[in-house]
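Participant: A single structure is presented below for examination.
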Amino acid sequence: MTDDAAPTCLARPLPGPGDDRATGCAAARGVDGRPLHAAALKFFWGPMDCGKSTMALQMNHNHARQGRRGLLTTRIDRSLGPQVTTRIGLAHEAVEVTDDLDLRVLVRDAWAEGVRVDYLICDEASFYNLEHIEQMAELVDRFDVDVYAFGLATDFRSCLFPAAQRLFELADEVARIQVEVLCWCGREGLLNARVVAGRVVREGAQVVIGDTVDSADVRYQVLCRRHYRSGDLGPRA
Ligand SMILES: [Zn+2]
């Protein structure tokens, strides 16, 4: 981190050898009295199968190696359990986000137990409530906790999930995950088609659990926009 983007003393470098993280600007402190370091809310989005959960776990690993401590949260992970799982076999325990869960309370409770929380990694964030997104922003602004959200942008109708829309509106940084998922035609995959009985459906509940494997009753297939619009699942469908 450089001071280029932080003309005041908001920047708090990651702790390293000989680095005292308590030496911050006395004026720039969060509500808990800790020095602020210009935390950020970042939203990483992409279609199904693009490696979002893998990237979430990789990010957690990278931050942990730098001595930072964070919490993972998820909702409706494919394992249907309180963990983040990936299609390439990685898994990590995570807090299941329910309607009643307040992310601010989650962090404050951890602090009260003496557990440091420098950041939150929120997987499957498109499935969170709008209140959860506001809580993420407050964690960044008032509590100086970095929040990294991962999720789909659009649902099976190609419309934004409400939580994703709010993240686009509020996030300091939005990034499309660059792991390319290809449509069967070879074009870049963009949209998540819901497939029931071999046909693309365009009506129904916004969230229906399925997977991208062919055996599921309800499955999803990532298509390019052209084939999403035409409903063409390709020669192997
Ligand atoms: Zn295509």
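Each chain of the structure tokens is named A, B, ... in the order shown, its residues numbered from 1; ligands are numbered from 1 in display order.
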Using only C-alpha atoms and all ligand atoms, what are the residues with an atom within 10 Å of ligand 1, set out as a VMD selection string?

Facilitator: chain A and resid 182 to 190 222 to 234

Participant: Could you take the residues named above and write them with N, CA, C and O atoms, as a tab-separated table (two decimals), in the first residue's frame?

Facilitator:
```
chain	number	residue	atom	x	y	z
A	182	LEU	N	-16.58	-20.64	-20.73
A	182	LEU	CA	-16.99	-20.56	-22.13
A	182	LEU	C	-18.37	-21.17	-22.34
A	182	LEU	O	-18.73	-22.18	-21.73
A	183	CYS	N	-19.14	-20.54	-23.19
A	183	CYS	CA	-20.36	-21.13	-23.71
A	183	CYS	C	-19.96	-22.32	-24.58
A	183	CYS	O	-18.81	-22.44	-25.02
A	184	TRP	N	-20.91	-23.21	-24.86
A	184	TRP	CA	-20.59	-24.38	-25.69
A	184	TRP	C	-20.07	-23.98	-27.06
A	184	TRP	O	-19.35	-24.73	-27.72
A	185	CYS	N	-20.39	-22.75	-27.50
A	185	CYS	CA	-19.99	-22.30	-28.83
A	185	CYS	C	-18.58	-21.73	-28.83
A	185	CYS	O	-18.03	-21.43	-29.88
A	186	GLY	N	-18.01	-21.58	-27.64
A	186	GLY	CA	-16.66	-21.04	-27.56
A	186	GLY	C	-16.61	-19.57	-27.20
A	186	GLY	O	-15.55	-19.06	-26.87
A	187	ARG	N	-17.75	-18.91	-27.27
A	187	ARG	CA	-17.77	-17.51	-26.84
A	187	ARG	C	-17.70	-17.45	-25.31
A	187	ARG	O	-18.02	-18.41	-24.63
A	188	GLU	N	-17.35	-16.27	-24.83
A	188	GLU	CA	-17.27	-16.09	-23.39
A	188	GLU	C	-18.64	-16.25	-22.75
A	188	GLU	O	-19.63	-15.67	-23.21
A	189	GLY	N	-18.72	-17.05	-21.69
A	189	GLY	CA	-19.97	-17.24	-20.97
A	189	GLY	C	-20.29	-16.01	-20.14
A	189	GLY	O	-19.42	-15.45	-19.48
A	190	LEU	N	-21.53	-15.60	-20.14
A	190	LEU	CA	-21.90	-14.37	-19.43
A	190	LEU	C	-23.10	-14.59	-18.53
A	190	LEU	O	-23.17	-14.06	-17.43
A	222	VAL	N	-24.00	-22.03	-18.13
A	222	VAL	CA	-23.51	-20.70	-18.48
A	222	VAL	C	-23.45	-20.59	-20.00
A	222	VAL	O	-22.87	-21.44	-20.68
A	223	LEU	N	-24.08	-19.56	-20.53
A	223	LEU	CA	-24.16	-19.37	-21.97
A	223	LEU	C	-23.68	-17.97	-22.34
A	223	LEU	O	-23.69	-17.05	-21.51
A	224	CYS	N	-23.29	-17.82	-23.59
A	224	CYS	CA	-23.04	-16.48	-24.09
A	224	CYS	C	-24.40	-15.78	-24.25
A	224	CYS	O	-25.45	-16.42	-24.19
A	225	ARG	N	-24.33	-14.48	-24.43
A	225	ARG	CA	-25.61	-13.77	-24.52
A	225	ARG	C	-26.44	-14.26	-25.71
A	225	ARG	O	-27.64	-14.45	-25.60
A	226	ARG	N	-25.80	-14.50	-26.82
A	226	ARG	CA	-26.52	-14.93	-28.03
A	226	ARG	C	-27.30	-16.22	-27.75
A	226	ARG	O	-28.49	-16.31	-28.08
A	227	HIS	N	-26.65	-17.19	-27.16
A	227	HIS	CA	-27.32	-18.48	-26.96
A	227	HIS	C	-28.21	-18.48	-25.72
A	227	HIS	O	-29.13	-19.28	-25.62
A	228	TYR	N	-27.94	-17.57	-24.78
A	228	TYR	CA	-28.90	-17.38	-23.70
A	228	TYR	C	-30.22	-16.85	-24.27
A	228	TYR	O	-31.30	-17.33	-23.96
A	229	ARG	N	-30.10	-15.88	-25.16
A	229	ARG	CA	-31.32	-15.27	-25.70
A	229	ARG	C	-32.08	-16.24	-26.60
A	229	ARG	O	-33.32	-16.24	-26.62
A	230	SER	N	-31.36	-17.07	-27.34
A	230	SER	CA	-32.04	-18.00	-28.23
A	230	SER	C	-32.46	-19.28	-27.50
A	230	SER	O	-33.26	-20.07	-28.01
A	231	GLY	N	-31.89	-19.49	-26.28
A	231	GLY	CA	-32.22	-20.69	-25.52
A	231	GLY	C	-31.59	-21.94	-26.09
A	231	GLY	O	-32.04	-23.07	-25.83
A	232	ASP	N	-30.52	-21.80	-26.82
A	232	ASP	CA	-29.84	-22.94	-27.46
A	232	ASP	C	-28.77	-23.48	-26.51
A	232	ASP	O	-27.78	-22.79	-26.23
A	233	LEU	N	-29.00	-24.71	-26.03
A	233	LEU	CA	-28.07	-25.31	-25.06
A	233	LEU	C	-26.93	-26.07	-25.72
A	233	LEU	O	-26.10	-26.66	-25.04
A	234	GLY	N	-26.90	-26.11	-27.03
A	234	GLY	CA	-25.78	-26.72	-27.71
A	234	GLY	C	-26.03	-28.17	-28.07
A	234	GLY	O	-27.01	-28.79	-27.64
```

Participant: If you count only C-alpha atoms, which residues fall within 6 Å of Ala193 in chain A, apart from same-chain ones fewer than 3 positions away, as a ChimeraX atom specification?

Facilitator: /A:156,220-221

Participant: Would you list, as a PyMOL selection string, the residues of range 56-127 of chain A that end up in helix (DSSP H, G or I) under DSSP run on this structure's backbone?

Facilitator: chain A and resi 56-65+103-112+125-127

Participant: List every residue of range 97-229 of chain A that DSSP, applied to the backbone of this structure, places in strand (DSSP E), and write the result as a list in words.

Facilitator: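 The residues of range 97-229 of chain A classed as strand (DSSP E) are Tyr119, Leu120, Ile121, Cys122, Asp146, Val147, Tyr148, Ala149, Phe150, Gly151, Glu173, Val174, Ala175, Arg176, Leu191, Asn192, Ala193, Arg194, Val195, Val196, Arg199, Val200, Val201, Val218, Arg219, Tyr220, Gln221, Val222 and Leu223 of chain A.
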
Participant: Could you save those same residues with C-alpha atoms as a PDB file, in the first residue's frame?

Facilitator:
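The resulting file, part_11.pdb, is shown below:
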```pdb
ATOM      1  CA  TYR A 119     -11.734  -8.433   6.999  1.00  0.00           C
ATOM      2  CA  LEU A 120     -14.848 -10.310   5.938  1.00  0.00           C
ATOM      3  CA  ILE A 121     -15.021 -12.518   2.888  1.00  0.00           C
ATOM      4  CA  CYS A 122     -18.660 -12.842   1.884  1.00  0.00           C
ATOM      5  CA  ASP A 146     -12.373  -4.699   4.758  1.00  0.00           C
ATOM      6  CA  VAL A 147     -15.241  -6.511   3.086  1.00  0.00           C
ATOM      7  CA  TYR A 148     -14.676  -8.635   0.002  1.00  0.00           C
ATOM      8  CA  ALA A 149     -17.921  -9.871  -1.520  1.00  0.00           C
ATOM      9  CA  PHE A 150     -18.145 -12.540  -4.201  1.00  0.00           C
ATOM     10  CA  GLY A 151     -21.233 -13.447  -6.160  1.00  0.00           C
ATOM     11  CA  GLU A 173     -14.351  -1.338  -6.269  1.00  0.00           C
ATOM     12  CA  VAL A 174     -16.138  -3.749  -8.586  1.00  0.00           C
ATOM     13  CA  ALA A 175     -14.270  -6.354 -10.575  1.00  0.00           C
ATOM     14  CA  ARG A 176     -15.362  -8.999 -12.996  1.00  0.00           C
ATOM     15  CA  LEU A 191     -25.362 -15.474 -18.284  1.00  0.00           C
ATOM     16  CA  ASN A 192     -26.697 -18.273 -16.104  1.00  0.00           C
ATOM     17  CA  ALA A 193     -29.478 -20.189 -17.845  1.00  0.00           C
ATOM     18  CA  ARG A 194     -31.775 -22.310 -15.691  1.00  0.00           C
ATOM     19  CA  VAL A 195     -32.485 -25.626 -17.363  1.00  0.00           C
ATOM     20  CA  VAL A 196     -35.434 -27.833 -16.429  1.00  0.00           C
ATOM     21  CA  ARG A 199     -35.159 -26.584 -21.714  1.00  0.00           C
ATOM     22  CA  VAL A 200     -34.161 -23.073 -20.736  1.00  0.00           C
ATOM     23  CA  VAL A 201     -36.798 -21.613 -18.399  1.00  0.00           C
ATOM     24  CA  VAL A 218     -32.737 -28.168 -12.032  1.00  0.00           C
ATOM     25  CA  ARG A 219     -29.409 -27.253 -13.429  1.00  0.00           C
ATOM     26  CA  TYR A 220     -27.718 -24.136 -14.636  1.00  0.00           C
ATOM     27  CA  GLN A 221     -25.682 -23.670 -17.768  1.00  0.00           C
ATOM     28  CA  VAL A 222     -23.508 -20.699 -18.485  1.00  0.00           C
ATOM     29  CA  LEU A 223     -24.163 -19.367 -21.973  1.00  0.00           C
TER      30      LEU A 223
END
```

Participant: Do you know which residues are at most 9 Å from Val117 in chain A counting only C-alpha atoms, after dropping those on the same chain fewer than 4 positions away, and could you put them as a PyMOL selection string?

Facilitator: chain A and resi 68-71+107-108+110-111+145

Participant: From the set A:Ala164, A:Cys159, A:Ile177, A:Leu90, which residue has the shortest atom-to-atom contact distance to Gln206 in chain A, counting only C-alpha atoms?

Facilitator: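 Answer, going by the shortest atom-to-atom distance: A:Cys159.
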
Participant: What does the distance from CA of Gln83 in chain A to CA of Asp211 in chain A come to in Å, to one decimal?

Facilitator: 16.5 Å

Participant: Any idea what's packed within 10 Å of Ser126 in chain A, counting only C-alpha atoms, ignoring anything in its chain fewer than 3 positions away? Could you give it as a list in words?

Facilitator: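 Skipping anything fewer than 3 positions along the chain leaves Trp45, Arg75, Cys122, Asp123, Asn129, Leu130, Ile133, Ala149, Phe150, Gly151, Leu152, Ala153, Thr154, Asp155, Leu160, Phe161, Pro162, Ala163, Ala164, Gln165, Arg166, Leu167 and Val207 of chain A.
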
Participant: Find the spatial neighbours of Arg104 in chain A, counting only C-alpha atoms, within a cut-off of 8 Å - ignore same-chain residues fewer than 5 positions away - and output them as JSON, numbers by chain.

Facilitator: {"A": [135, 136, 138, 139]}
